[in-house]
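Source file input06.cif; content: mmCIF, C-alpha atoms and all ligand atoms.
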data_final
loop_
_atom_site.label_atom_id
_atom_site.label_comp_id
_atom_site.auth_asym_id
_atom_site.auth_seq_id
_atom_site.Cartn_x
_atom_site.Cartn_y
_atom_site.Cartn_z
CA MET A 30 49.91 -57.93 -77.41
CA GLU A 31 50.97 -54.42 -78.39
CA LYS A 32 54.68 -53.82 -78.93
CA ASN A 33 54.96 -51.45 -75.97
CA GLU A 34 53.16 -53.91 -73.70
CA ILE A 35 55.61 -56.66 -74.63
CA ILE A 36 58.59 -54.43 -73.95
CA ALA A 37 57.16 -53.28 -70.62
CA MET A 38 56.44 -56.86 -69.55
CA GLY A 39 59.97 -57.88 -70.47
CA GLU A 40 61.47 -55.00 -68.51
CA ALA A 41 59.30 -55.92 -65.52
CA HIS A 42 60.08 -59.63 -65.39
CA LEU A 43 63.31 -60.53 -67.19
CA LEU A 44 66.52 -60.25 -65.21
CA HIS A 45 68.17 -57.15 -66.56
CA THR A 46 71.35 -58.68 -68.00
CA TYR A 47 70.92 -57.16 -71.47
CA ASN A 48 70.24 -53.63 -72.68
CA ARG A 49 67.71 -54.71 -75.28
CA PHE A 50 66.94 -52.65 -78.35
CA PRO A 51 63.26 -51.58 -78.38
CA ILE A 52 62.19 -53.88 -81.16
CA VAL A 53 59.99 -56.95 -80.84
CA LEU A 54 60.86 -59.65 -83.35
CA ASP A 55 58.07 -61.93 -84.44
CA HIS A 56 59.10 -64.00 -87.45
CA GLY A 57 61.77 -64.37 -90.09
CA ASP A 58 62.06 -65.18 -93.76
CA GLY A 59 65.43 -65.83 -95.41
CA MET A 60 67.68 -62.85 -94.65
CA TYR A 61 64.88 -60.79 -93.10
CA LEU A 62 63.29 -60.44 -89.69
CA TYR A 63 59.91 -58.88 -88.95
CA GLU A 64 58.53 -57.13 -85.90
CA THR A 65 55.06 -57.84 -84.53
CA ASP A 66 53.91 -54.62 -86.22
CA GLY A 67 55.34 -55.73 -89.56
CA THR A 68 58.51 -53.60 -89.56
CA LYS A 69 61.09 -55.37 -91.71
CA TYR A 70 64.82 -55.67 -91.02
CA LEU A 71 67.68 -57.05 -93.03
CA ASP A 72 69.49 -59.35 -90.61
CA PHE A 73 73.27 -59.02 -90.53
CA ALA A 74 73.68 -60.55 -87.07
CA ALA A 75 72.04 -63.98 -87.52
CA GLY A 76 71.11 -64.16 -83.84
CA ILE A 77 74.84 -63.73 -83.09
CA ALA A 78 76.31 -65.96 -85.80
CA VAL A 79 73.72 -68.70 -85.30
CA PHE A 80 71.18 -68.77 -88.12
CA ALA A 81 73.55 -69.74 -90.93
CA PHE A 82 70.88 -70.77 -93.43
CA GLY A 83 68.50 -67.90 -92.77
CA TYR A 84 64.96 -68.05 -91.49
CA GLY A 85 62.21 -70.39 -92.60
CA ASN A 86 64.45 -72.90 -94.37
CA LYS A 87 62.06 -75.69 -95.40
CA THR A 88 64.52 -78.59 -95.18
CA TYR A 89 65.50 -77.57 -91.65
CA ASN A 90 61.98 -76.85 -90.44
CA ASP A 91 60.51 -80.06 -91.89
CA ALA A 92 63.26 -82.20 -90.34
CA LEU A 93 62.64 -80.71 -86.90
CA LYS A 94 58.85 -80.97 -87.14
CA GLU A 95 59.17 -84.62 -88.09
CA GLN A 96 61.56 -85.29 -85.20
CA ILE A 97 59.19 -83.59 -82.73
CA ASP A 98 56.47 -86.07 -83.66
CA LYS A 99 58.88 -88.98 -83.34
CA LEU A 100 60.99 -88.34 -80.24
CA VAL A 101 62.18 -85.07 -78.68
CA HIS A 102 64.12 -86.40 -75.75
CA THR A 103 65.47 -89.55 -74.28
CA SER A 104 68.43 -90.09 -72.04
CA ASN A 105 72.09 -90.53 -72.91
CA LEU A 106 71.79 -93.95 -71.24
CA TYR A 107 70.48 -95.24 -74.59
CA TYR A 108 71.40 -94.75 -78.23
CA ASN A 109 69.36 -92.84 -80.77
CA GLU A 110 69.94 -92.42 -84.48
CA PRO A 111 70.09 -88.59 -84.75
CA SER A 112 72.78 -88.27 -82.07
CA VAL A 113 75.11 -90.95 -83.45
CA THR A 114 74.61 -89.64 -87.01
CA ALA A 115 75.33 -86.08 -85.89
CA ALA A 116 78.45 -87.27 -84.04
CA LYS A 117 79.75 -89.08 -87.13
CA LEU A 118 79.08 -86.05 -89.36
CA PHE A 119 80.76 -83.72 -86.88
CA CYS A 120 83.87 -85.89 -86.67
CA GLU A 121 84.10 -86.16 -90.47
CA ALA A 122 83.76 -82.39 -90.91
CA SER A 123 86.14 -81.40 -88.10
CA GLY A 124 88.81 -84.09 -88.24
CA MET A 125 88.10 -84.94 -84.59
CA ASP A 126 87.50 -88.51 -83.40
CA ARG A 127 85.01 -88.14 -80.55
CA VAL A 128 82.35 -85.64 -79.62
CA PHE A 129 80.18 -84.81 -76.61
CA PHE A 130 77.04 -82.76 -77.29
CA THR A 131 76.15 -79.95 -74.89
CA ASN A 132 73.28 -77.47 -74.57
CA SER A 133 75.32 -74.34 -75.20
CA GLY A 134 78.70 -72.95 -76.07
CA THR A 135 79.63 -72.23 -72.49
CA GLU A 136 79.01 -75.86 -71.55
CA ALA A 137 81.19 -76.96 -74.44
CA ILE A 138 83.99 -74.88 -72.92
CA GLU A 139 83.35 -76.45 -69.51
CA GLY A 140 83.70 -79.87 -71.07
CA ALA A 141 86.87 -78.93 -72.95
CA ILE A 142 88.47 -77.62 -69.74
CA LYS A 143 87.51 -80.76 -67.84
CA LEU A 144 88.85 -82.95 -70.62
CA ALA A 145 92.22 -81.15 -70.70
CA ARG A 146 92.51 -81.35 -66.91
CA LYS A 147 91.62 -85.03 -66.94
CA TYR A 148 94.23 -85.71 -69.63
CA TYR A 149 96.87 -84.04 -67.43
CA TYR A 150 95.60 -85.84 -64.33
CA ASN A 151 95.83 -89.22 -66.06
CA LYS A 152 99.36 -88.45 -67.19
CA HIS A 153 100.75 -86.95 -63.98
CA GLY A 154 98.44 -88.28 -61.28
CA LYS A 155 98.17 -84.73 -59.90
CA SER A 156 95.53 -82.00 -59.87
CA ASP A 157 97.77 -78.95 -60.18
CA SER A 158 97.33 -78.22 -63.87
CA GLU A 159 97.29 -74.75 -65.39
CA ILE A 160 95.55 -73.39 -68.47
CA ILE A 161 96.83 -70.53 -70.59
CA SER A 162 94.10 -68.37 -72.08
CA MET A 163 94.22 -65.18 -74.13
CA ASN A 164 93.54 -61.59 -73.24
CA HIS A 165 90.39 -60.23 -74.90
CA SER A 166 89.06 -63.75 -75.40
CA PHE A 167 85.45 -64.75 -74.82
CA HIS A 168 84.49 -68.30 -73.91
CA GLY A 169 81.11 -68.01 -72.18
CA ARG A 170 79.42 -67.12 -68.91
CA SER A 171 79.45 -70.17 -66.67
CA MET A 172 82.03 -70.25 -63.87
CA GLY A 173 84.55 -72.35 -65.79
CA ALA A 174 84.09 -70.53 -69.08
CA VAL A 175 84.25 -67.11 -67.44
CA SER A 176 87.45 -68.20 -65.66
CA VAL A 177 89.21 -68.51 -69.03
CA THR A 178 87.58 -65.40 -70.53
CA GLY A 179 90.12 -62.63 -71.04
CA LYS A 180 87.99 -59.73 -69.92
CA LYS A 181 88.37 -58.70 -66.30
CA ALA A 182 84.94 -57.06 -66.02
CA TYR A 183 83.28 -60.39 -66.88
CA ARG A 184 85.31 -62.23 -64.22
CA GLU A 185 85.86 -59.97 -61.22
CA PRO A 186 82.37 -59.84 -59.67
CA PHE A 187 82.19 -63.63 -59.68
CA GLU A 188 85.52 -64.50 -58.12
CA PRO A 189 86.82 -66.77 -56.75
CA LEU A 190 86.76 -68.58 -60.07
CA ILE A 191 88.40 -71.86 -60.99
CA GLY A 192 92.12 -71.61 -60.30
CA GLY A 193 95.14 -72.27 -62.44
CA VAL A 194 94.31 -69.92 -65.30
CA VAL A 195 97.01 -67.65 -66.71
CA PHE A 196 96.37 -65.02 -69.38
CA ALA A 197 98.66 -64.17 -72.27
CA GLU A 198 98.55 -61.80 -75.21
CA PHE A 199 96.78 -63.21 -78.28
CA ASN A 200 99.03 -63.35 -81.37
CA ASP A 201 102.14 -62.82 -79.21
CA LEU A 202 104.04 -66.10 -79.35
CA ASN A 203 106.76 -65.04 -76.92
CA ASP A 204 104.24 -63.91 -74.34
CA VAL A 205 102.29 -67.18 -74.57
CA LEU A 206 105.44 -69.30 -74.35
CA SER A 207 106.69 -67.27 -71.38
CA LYS A 208 103.58 -68.39 -69.45
CA VAL A 209 104.19 -72.10 -70.06
CA ASN A 210 105.56 -74.26 -67.26
CA GLU A 211 105.55 -77.95 -66.33
CA LYS A 212 101.97 -77.61 -65.01
CA THR A 213 100.53 -76.25 -68.26
CA CYS A 214 97.86 -78.68 -69.45
CA ALA A 215 96.25 -76.60 -72.17
CA ILE A 216 96.38 -73.49 -74.27
CA ILE A 217 92.90 -72.28 -75.17
CA MET A 218 91.97 -69.68 -77.74
CA GLU A 219 89.40 -68.73 -80.33
CA THR A 220 90.77 -69.27 -83.82
CA VAL A 221 89.16 -65.91 -84.61
CA GLN A 222 88.37 -63.83 -81.52
CA GLY A 223 84.72 -62.77 -81.80
CA GLU A 224 83.30 -60.87 -78.84
CA GLY A 225 86.74 -59.38 -78.09
CA GLY A 226 86.74 -57.44 -81.35
CA ILE A 227 87.09 -59.80 -84.37
CA TYR A 228 90.80 -60.62 -84.26
CA PRO A 229 91.85 -63.57 -86.45
CA ALA A 230 94.83 -65.57 -85.16
CA ASP A 231 98.03 -64.77 -87.07
CA GLU A 232 98.99 -67.70 -89.22
CA THR A 233 102.55 -68.03 -87.87
CA PHE A 234 101.35 -67.61 -84.29
CA LEU A 235 98.80 -70.40 -84.54
CA ARG A 236 101.12 -72.76 -86.40
CA GLU A 237 103.92 -72.18 -83.89
CA ILE A 238 101.55 -72.76 -80.96
CA ARG A 239 100.36 -75.96 -82.64
CA LYS A 240 103.96 -77.15 -83.06
CA PHE A 241 104.87 -76.24 -79.48
CA CYS A 242 101.83 -78.00 -78.01
CA THR A 243 102.63 -81.17 -79.96
CA GLU A 244 106.27 -81.13 -78.85
CA HIS A 245 105.36 -80.62 -75.19
CA ASP A 246 102.19 -82.73 -75.02
CA ILE A 247 100.03 -79.73 -74.10
CA CYS A 248 96.40 -79.74 -75.31
CA LEU A 249 95.62 -77.11 -77.88
CA ILE A 250 91.97 -76.17 -77.40
CA LEU A 251 90.42 -74.13 -80.19
CA ASP A 252 87.11 -72.43 -79.49
CA GLU A 253 85.24 -72.52 -82.80
CA ILE A 254 81.89 -71.65 -81.27
CA GLN A 255 81.54 -68.46 -83.31
CA CYS A 256 84.11 -68.83 -86.10
CA GLY A 257 83.33 -72.47 -86.96
CA MET A 258 80.56 -74.05 -89.05
CA GLY A 259 81.41 -72.33 -92.30
CA ARG A 260 81.65 -68.77 -91.04
CA THR A 261 85.19 -68.14 -92.33
CA GLY A 262 84.64 -69.94 -95.62
CA ALA A 263 86.06 -73.24 -94.34
CA MET A 264 83.97 -75.65 -92.31
CA PHE A 265 86.14 -74.81 -89.30
CA ALA A 266 88.43 -71.79 -89.16
CA TYR A 267 91.54 -73.84 -88.21
CA GLN A 268 91.22 -75.63 -91.54
CA LYS A 269 92.08 -72.30 -93.17
CA TYR A 270 95.34 -72.39 -91.20
CA GLY A 271 96.09 -75.98 -92.18
CA ILE A 272 96.25 -77.19 -88.57
CA GLU A 273 94.08 -79.21 -86.18
CA PRO A 274 93.46 -78.73 -82.46
CA ASP A 275 93.55 -81.58 -79.93
CA ILE A 276 90.27 -80.46 -78.39
CA MET A 277 87.76 -78.06 -79.90
CA THR A 278 84.38 -76.55 -79.18
CA SER A 279 81.42 -75.70 -81.37
CA ALA A 280 77.94 -74.24 -80.83
CA LYS A 281 76.11 -71.23 -82.36
CA ALA A 282 75.57 -72.32 -86.01
CA LEU A 283 76.02 -76.01 -85.12
CA GLY A 284 72.26 -76.44 -84.70
CA CYS A 285 71.26 -73.18 -86.41
CA GLY A 286 68.99 -72.11 -83.58
CA VAL A 287 68.24 -75.07 -81.34
CA PRO A 288 70.35 -75.12 -78.17
CA VAL A 289 73.22 -77.41 -79.01
CA GLY A 290 76.98 -77.21 -78.75
CA CYS A 291 79.74 -79.74 -78.43
CA PHE A 292 83.30 -80.38 -77.46
CA ALA A 293 85.28 -82.82 -79.54
CA CYS A 294 88.76 -84.27 -79.46
CA LYS A 295 91.33 -86.45 -81.09
CA GLU A 296 91.36 -90.04 -79.84
CA ALA A 297 94.59 -89.53 -77.87
CA PHE A 298 92.91 -86.79 -75.80
CA ALA A 299 89.66 -88.68 -75.14
CA ALA A 300 90.64 -88.94 -71.49
CA MET A 301 87.17 -89.27 -69.97
CA VAL A 302 85.50 -92.45 -68.76
CA PRO A 303 81.90 -93.15 -67.68
CA GLY A 304 81.12 -90.99 -64.66
CA ASP A 305 83.45 -88.13 -65.63
CA HIS A 306 80.88 -86.02 -67.46
CA GLY A 307 77.24 -85.97 -68.42
CA SER A 308 74.18 -83.96 -69.36
CA THR A 309 70.50 -84.79 -69.17
CA TYR A 310 69.48 -82.94 -72.32
CA GLY A 311 72.90 -82.89 -73.98
CA GLY A 312 72.58 -83.99 -77.60
CA ASN A 313 69.02 -85.22 -77.37
CA PRO A 314 67.42 -86.47 -80.60
CA PHE A 315 65.68 -83.14 -81.28
CA VAL A 316 68.82 -81.00 -81.24
CA THR A 317 71.02 -83.60 -82.89
CA LYS A 318 68.43 -83.95 -85.68
CA ALA A 319 69.09 -80.24 -86.24
CA VAL A 320 72.86 -80.85 -86.32
CA GLU A 321 72.44 -83.75 -88.73
CA THR A 322 70.19 -81.64 -90.96
CA VAL A 323 72.56 -78.67 -90.89
CA PHE A 324 75.48 -80.84 -92.01
CA GLY A 325 73.26 -82.24 -94.78
CA MET A 326 72.47 -78.68 -95.88
CA PHE A 327 76.16 -77.81 -95.99
CA LYS A 328 76.75 -80.86 -98.17
CA ASP A 329 73.83 -80.23 -100.51
CA SER A 330 74.52 -76.55 -101.08
CA ASN A 331 77.47 -74.50 -102.26
CA ILE A 332 77.29 -72.45 -99.09
CA LEU A 333 81.06 -72.33 -98.42
CA GLN A 334 81.62 -70.98 -101.91
CA ASN A 335 78.89 -68.43 -101.25
CA VAL A 336 80.60 -67.43 -97.99
CA ASN A 337 83.90 -66.87 -99.78
CA GLU A 338 82.29 -64.85 -102.57
CA THR A 339 80.09 -62.71 -100.34
CA ALA A 340 82.95 -62.27 -97.85
CA ALA A 341 85.20 -60.83 -100.56
CA TYR A 342 82.40 -58.51 -101.65
CA LEU A 343 81.75 -57.46 -98.04
CA TRP A 344 85.47 -56.87 -97.53
CA ASP A 345 85.67 -54.46 -100.47
CA ALA A 346 82.46 -52.70 -99.46
CA LEU A 347 83.72 -52.14 -95.89
CA GLU A 348 87.11 -50.95 -97.19
CA ALA A 349 85.23 -48.34 -99.20
CA VAL A 350 83.25 -47.31 -96.11
CA LYS A 351 86.49 -47.04 -94.14
CA LYS A 352 87.96 -44.80 -96.84
CA ASP A 353 84.85 -42.60 -97.01
CA PHE A 354 84.48 -42.11 -93.24
CA PRO A 355 88.06 -41.59 -92.00
CA ASN A 356 86.89 -39.64 -88.94
CA VAL A 357 84.57 -42.40 -87.75
CA VAL A 358 86.11 -45.66 -88.98
CA SER A 359 89.66 -46.49 -87.93
CA GLY A 360 90.09 -50.14 -88.81
CA HIS A 361 88.72 -53.22 -90.54
CA ARG A 362 89.53 -56.85 -89.70
CA GLY A 363 88.15 -60.33 -90.06
CA LEU A 364 87.97 -63.58 -91.92
CA GLY A 365 85.15 -64.73 -94.19
CA LEU A 366 81.71 -63.62 -93.06
CA MET A 367 83.11 -62.62 -89.68
CA GLN A 368 84.30 -59.08 -90.10
CA GLY A 369 84.57 -56.06 -87.88
CA LEU A 370 84.79 -52.35 -88.46
CA VAL A 371 86.68 -50.47 -85.75
CA LEU A 372 85.10 -47.14 -84.88
CA SER A 373 86.64 -44.09 -83.31
CA VAL A 374 83.21 -43.10 -81.97
CA PRO A 375 81.04 -45.10 -79.51
CA VAL A 376 79.59 -48.11 -81.27
CA GLY A 377 76.20 -48.22 -79.43
CA PRO A 378 74.60 -45.18 -81.08
CA VAL A 379 75.81 -46.29 -84.52
CA VAL A 380 74.26 -49.76 -84.12
CA LYS A 381 71.04 -48.13 -82.92
CA GLU A 382 70.92 -45.89 -85.97
CA VAL A 383 71.66 -48.77 -88.37
CA ILE A 384 68.70 -50.62 -86.85
CA ALA A 385 66.55 -47.51 -87.29
CA GLN A 386 67.64 -47.58 -90.95
CA GLY A 387 66.28 -51.13 -91.25
CA CYS A 388 69.28 -53.39 -90.71
CA ILE A 389 70.14 -55.44 -87.64
CA LEU A 390 73.83 -55.30 -86.77
CA ILE A 391 75.65 -56.01 -83.52
CA SER A 392 78.77 -54.75 -81.83
CA ALA A 393 81.80 -56.63 -80.54
CA GLY A 394 83.29 -54.99 -77.50
CA THR A 395 83.01 -51.23 -77.16
CA ASP A 396 84.41 -50.05 -80.47
CA VAL A 397 83.72 -52.64 -83.15
CA ILE A 398 80.71 -53.20 -85.39
CA ARG A 399 80.50 -56.90 -86.08
CA PHE A 400 79.28 -58.34 -89.39
CA VAL A 401 78.17 -61.96 -88.96
CA PRO A 402 75.24 -62.35 -91.39
CA PRO A 403 73.56 -65.65 -92.24
CA LEU A 404 75.92 -67.55 -94.55
CA ILE A 405 73.34 -67.36 -97.36
CA ALA A 406 73.94 -63.58 -97.68
CA LYS A 407 74.47 -62.36 -101.25
CA PRO A 408 76.15 -59.20 -102.57
CA CYS A 409 72.70 -57.56 -102.92
CA HIS A 410 72.23 -57.95 -99.15
CA VAL A 411 75.66 -56.46 -98.55
CA ASP A 412 74.66 -53.47 -100.68
CA GLU A 413 71.45 -53.05 -98.70
CA MET A 414 73.30 -53.26 -95.37
CA ILE A 415 76.00 -50.85 -96.55
CA SER A 416 73.45 -48.19 -97.47
CA CYS A 417 71.94 -48.42 -93.94
CA LEU A 418 75.46 -48.29 -92.46
CA ARG A 419 76.51 -45.29 -94.55
CA ALA A 420 73.34 -43.44 -93.58
CA ALA A 421 74.05 -44.15 -89.91
CA LEU A 422 77.72 -43.15 -90.13
CA SER A 423 76.78 -39.90 -91.88
CA LYS A 424 74.82 -38.94 -88.76
CA GLN A 425 77.80 -39.37 -86.40
C1 LIG B 1 79.07 -67.32 -77.93
C2 LIG B 1 80.38 -67.86 -77.58
C3 LIG B 1 80.57 -68.70 -76.46
C4 LIG B 1 79.45 -69.02 -75.50
O1 LIG B 1 78.42 -69.71 -76.12
P1 LIG B 1 76.95 -69.70 -75.44
O2 LIG B 1 76.15 -70.60 -76.34
O3 LIG B 1 76.48 -68.30 -75.44
O4 LIG B 1 77.09 -70.25 -74.09
C5 LIG B 1 81.82 -69.21 -76.23
N1 LIG B 1 82.86 -68.93 -77.06
C6 LIG B 1 82.72 -68.14 -78.13
C7 LIG B 1 83.88 -67.88 -79.01
C8 LIG B 1 81.48 -67.56 -78.42
O5 LIG B 1 81.35 -66.74 -79.46
#
This structure in structure tokens:
Amino acid sequence: MEKNEIIAMGEAHLLHTYNRFPIVLDHGDGMYLYETDGTKYLDFAAGIAVFAFGYGNKTYNDALKEQIDKLVHTSNLYYNEPSVTAAKLFCEASGMDRVFFTNSGTEAIEGAIKLARKYYYNKHGKSDSEIISMNHSFHGRSMGAVSVTGKKAYREPFEPLIGGVVFAEFNDLNDVLSKVNEKTCAIIMETVQGEGGIYPADETFLREIRKFCTEHDICLILDEIQCGMGRTGAMFAYQKYGIEPDIMTSAKALGCGVPVGCFACKEAFAAMVPGDHGSTYGGNPFVTKAVETVFGMFKDSNILQNVNETAAYLWDALEAVKKDFPNVVSGHRGLGLMQGLVLSVPVGPVVKEVIAQGCILISAGTDVIRFVPPLIAKPCHVDEMISCLRAALSKQ
């Protein structure tokens, strides 16, 4: 099909929930994506922080092809080797004790909320629990996940949502603590806010929240869906802070492209029993083979070291951009290969122009350009991206 035909067909039949850029991606190779007409793009978005090892990785592709021929799906009523192996590897990497595999990030959040509520219910024998979530947070689009998402525009049209959610200011300890009462069952936050504009948690804030939750037997839920799986230079971002959550979520780079997420917890918070939760597809052998393979790739490569090195290089390069474009760039934040440049002009046209220059970038919120490249990115890729970015910023 011709490019224009594909776009027209998409506009005619897909529910219009995205303003798609007019490019038609066909295949990928390493750090690059190609359109059906051969146009090449450097990829600095990784399918929104998903494709950590780049496109066409042979180890990954071979493992999945082999699993397809063996067994794609069976039910959670039986055991299979990929899912138990993936669960063990996840627990070892995260410090958690038990994991439930889901089909997406939003479902992982649903599970985490249910688990925290069940923990409270078991303890108090009542169903009046409250959850504290953060302003500007993003946790997904299902009814439960949107209920704890700190952006009113995402919530309002879909109300009434699940009850008992209170919002507080991220990185403001006093504000969070002022929202706590005897019904508080959980505090949920992203270790590094992604969609809301790339805000890492302050170290003191997160440590104090951890301490408070322990002292008051409140579940600390950390959403590591975007910032986990090596993105910050540690396997999970909270490991950079030297703390552990009670319940956590993962997805995005967990399966590097196949639909898989999970929620996991410490043994003491494993409050669910048979009948409390389930999923037909959740963690089937195909997706958990991907998880198992991804963890193997982390182990067999020096990818975390690469993240730390490239992240430092990216940091300096973006600082230079900030200095050279003071009228357009007003801030720079982030952790590891999860960085954001705050613009004082609308971000949409800039992203569009960067794409026209041959590099795929995405925004976060209305004023931030988000840099979440595949974790295999090297300084030479940063240089290439920066030249596209500079060209685009020069046109603003
Ligand atoms: C993407 C994201 C989600 C939702 O994950 P989906 O797989 O899109 O459902 C939840 N939390 C965070 C922090 C995310 O970045």
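Residue nearest ligand LIG 1 (chain B), chosen from A:Ala116, A:Cys242, A:Cys248, A:Val221 and counting only C-alpha atoms and all ligand atoms: A:Val221.
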Practice problem: Write out as a count of residues only the residues lying within 12 Å of A:Pro378, counting only C-alpha atoms and excluding same-chain residues fewer than 6 positions away. | Solution: 16
Quiz prompt | d(atom CA of A:Met258, atom CA of A:Val194) in Å | solution = 27.8 Å
Output as a Markdown table one row per residue of chain A within 10 Å of ligand LIG 1 (chain B): the closest atom pair and its distance in Å to one decimal place, counting only C-alpha atoms and all ligand atoms, sorted by chain and residue number ascending.
| residue | atom | partner | partner_atom | distance |
| --- | --- | --- | --- | --- |
| A:Ile77 | CA | B:LIG1 | C1 | 7.6 |
| A:Ala78 | CA | B:LIG1 | O5 | 8.1 |
| A:Val79 | CA | B:LIG1 | C1 | 9.2 |
| A:Thr131 | CA | B:LIG1 | O2 | 9.5 |
| A:Asn132 | CA | B:LIG1 | O2 | 7.7 |
| A:Ser133 | CA | B:LIG1 | O2 | 4.0 |
| A:Gly134 | CA | B:LIG1 | O1 | 3.3 |
| A:Thr135 | CA | B:LIG1 | O4 | 3.6 |
| A:Glu136 | CA | B:LIG1 | O4 | 6.5 |
| A:Ala137 | CA | B:LIG1 | O4 | 7.9 |
| A:Ile138 | CA | B:LIG1 | C5 | 6.9 |
| A:Glu139 | CA | B:LIG1 | O4 | 9.9 |
| A:Ser166 | CA | B:LIG1 | C7 | 7.5 |
| A:Phe167 | CA | B:LIG1 | N1 | 5.4 |
| A:His168 | CA | B:LIG1 | N1 | 3.6 |
| A:Gly169 | CA | B:LIG1 | C4 | 3.8 |
| A:Arg170 | CA | B:LIG1 | O4 | 6.5 |
| A:Ser171 | CA | B:LIG1 | O4 | 7.8 |
| A:Ala174 | CA | B:LIG1 | C5 | 7.6 |
| A:Val175 | CA | B:LIG1 | C5 | 9.4 |
| A:Thr178 | CA | B:LIG1 | N1 | 8.8 |
| A:Met218 | CA | B:LIG1 | C7 | 8.4 |
| A:Glu219 | CA | B:LIG1 | C7 | 5.7 |
| A:Thr220 | CA | B:LIG1 | C7 | 8.5 |
| A:Val221 | CA | B:LIG1 | C7 | 7.9 |
| A:Gln222 | CA | B:LIG1 | C7 | 6.5 |
| A:Gly223 | CA | B:LIG1 | O5 | 5.7 |
| A:Glu224 | CA | B:LIG1 | O5 | 6.2 |
| A:Gly225 | CA | B:LIG1 | C7 | 9.0 |
| A:Leu251 | CA | B:LIG1 | C7 | 9.1 |
| A:Asp252 | CA | B:LIG1 | C7 | 5.6 |
| A:Glu253 | CA | B:LIG1 | C7 | 6.1 |
| A:Ile254 | CA | B:LIG1 | C6 | 4.8 |
| A:Gln255 | CA | B:LIG1 | O5 | 4.2 |
| A:Cys256 | CA | B:LIG1 | C7 | 7.2 |
| A:Gly257 | CA | B:LIG1 | C7 | 9.2 |
| A:Thr278 | CA | B:LIG1 | N1 | 8.1 |
| A:Ser279 | CA | B:LIG1 | N1 | 8.2 |
| A:Ala280 | CA | B:LIG1 | O2 | 6.1 |
| A:Lys281 | CA | B:LIG1 | O2 | 6.1 |
| A:Ala282 | CA | B:LIG1 | O2 | 9.8 |
| A:Pro288 | CA | B:LIG1 | O2 | 7.6 |
| A:Val289 | CA | B:LIG1 | O2 | 7.9 |
| A:Gly290 | CA | B:LIG1 | O2 | 7.1 |
Practice problem: Please provide as number ranges by chain all residues within 7 Å of A:Val411, with the sequence filter that same-chain residues fewer than 4 positions apart are discarded (counting all atoms listed in the file). | Solution: A: 343, 407, 415
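What separates atom CA of A:Val205 from atom CA of A:Ile161 is a distance of 7.5 Å.
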Quiz prompt | Separation of atom CA of A:Ala215 from atom CA of A:Ile247, in Å and rounded to one decimal | solution =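 Here the two named atoms are 5.3 Å from each other.
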Counting only C-alpha atoms, find the residues whose atoms lie at most 12 Å from (74.1, -55.6, -101.0) (file coordinates) and write them out as a PDB file with C-alpha atoms, in the frame of the given file.
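For reference, part-v8.pdb as written:
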ATOM      1  CA  MET A  60      67.680 -62.850 -94.650  1.00  0.00           C
ATOM      2  CA  LEU A  71      67.680 -57.050 -93.030  1.00  0.00           C
ATOM      3  CA  ASP A  72      69.490 -59.350 -90.610  1.00  0.00           C
ATOM      4  CA  PHE A  73      73.270 -59.020 -90.530  1.00  0.00           C
ATOM      5  CA  THR A 339      80.090 -62.710-100.340  1.00  0.00           C
ATOM      6  CA  ALA A 340      82.950 -62.270 -97.850  1.00  0.00           C
ATOM      7  CA  TYR A 342      82.400 -58.510-101.650  1.00  0.00           C
ATOM      8  CA  LEU A 343      81.750 -57.460 -98.040  1.00  0.00           C
ATOM      9  CA  TRP A 344      85.470 -56.870 -97.530  1.00  0.00           C
ATOM     10  CA  ASP A 345      85.670 -54.460-100.470  1.00  0.00           C
ATOM     11  CA  ALA A 346      82.460 -52.700 -99.460  1.00  0.00           C
ATOM     12  CA  LEU A 347      83.720 -52.140 -95.890  1.00  0.00           C
ATOM     13  CA  CYS A 388      69.280 -53.390 -90.710  1.00  0.00           C
ATOM     14  CA  PRO A 402      75.240 -62.350 -91.390  1.00  0.00           C
ATOM     15  CA  ALA A 406      73.940 -63.580 -97.680  1.00  0.00           C
ATOM     16  CA  LYS A 407      74.470 -62.360-101.250  1.00  0.00           C
ATOM     17  CA  PRO A 408      76.150 -59.200-102.570  1.00  0.00           C
ATOM     18  CA  CYS A 409      72.700 -57.560-102.920  1.00  0.00           C
ATOM     19  CA  HIS A 410      72.230 -57.950 -99.150  1.00  0.00           C
ATOM     20  CA  VAL A 411      75.660 -56.460 -98.550  1.00  0.00           C
ATOM     21  CA  ASP A 412      74.660 -53.470-100.680  1.00  0.00           C
ATOM     22  CA  GLU A 413      71.450 -53.050 -98.700  1.00  0.00           C
ATOM     23  CA  MET A 414      73.300 -53.260 -95.370  1.00  0.00           C
ATOM     24  CA  ILE A 415      76.000 -50.850 -96.550  1.00  0.00           C
ATOM     25  CA  SER A 416      73.450 -48.190 -97.470  1.00  0.00           C
ATOM     26  CA  CYS A 417      71.940 -48.420 -93.940  1.00  0.00           C
ATOM     27  CA  LEU A 418      75.460 -48.290 -92.460  1.00  0.00           C
TER      28      LEU A 418
END
Practice problem: Compare A:Gly311, A:Gly192, A:Val320, A:Asn33 by their minimum atom-to-atom distance to A:Ser104, counting all atoms listed in the file, and give me the closest one. | Solution: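 Using all atoms listed in the file, the shortest distance to A:Ser104 belongs to A:Gly311.
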Exercise. May I have the residues within 12 Å of stretch 228-237 of chain A as a PyMOL selection string, using all atoms listed in the file and disregarding those fewer than 4 positions away in the same chain?
Key: chain A and resi 163-167+198-206+216-224+241-244+249-253+255-256+261+266-274+360-365+367-371+393-394+397+399
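Closest approach to A:Thr114 among A:Met264, A:Ala319, A:Ile276, A:Val336 is made by A:Ala319 (distances from all atoms listed in the file).
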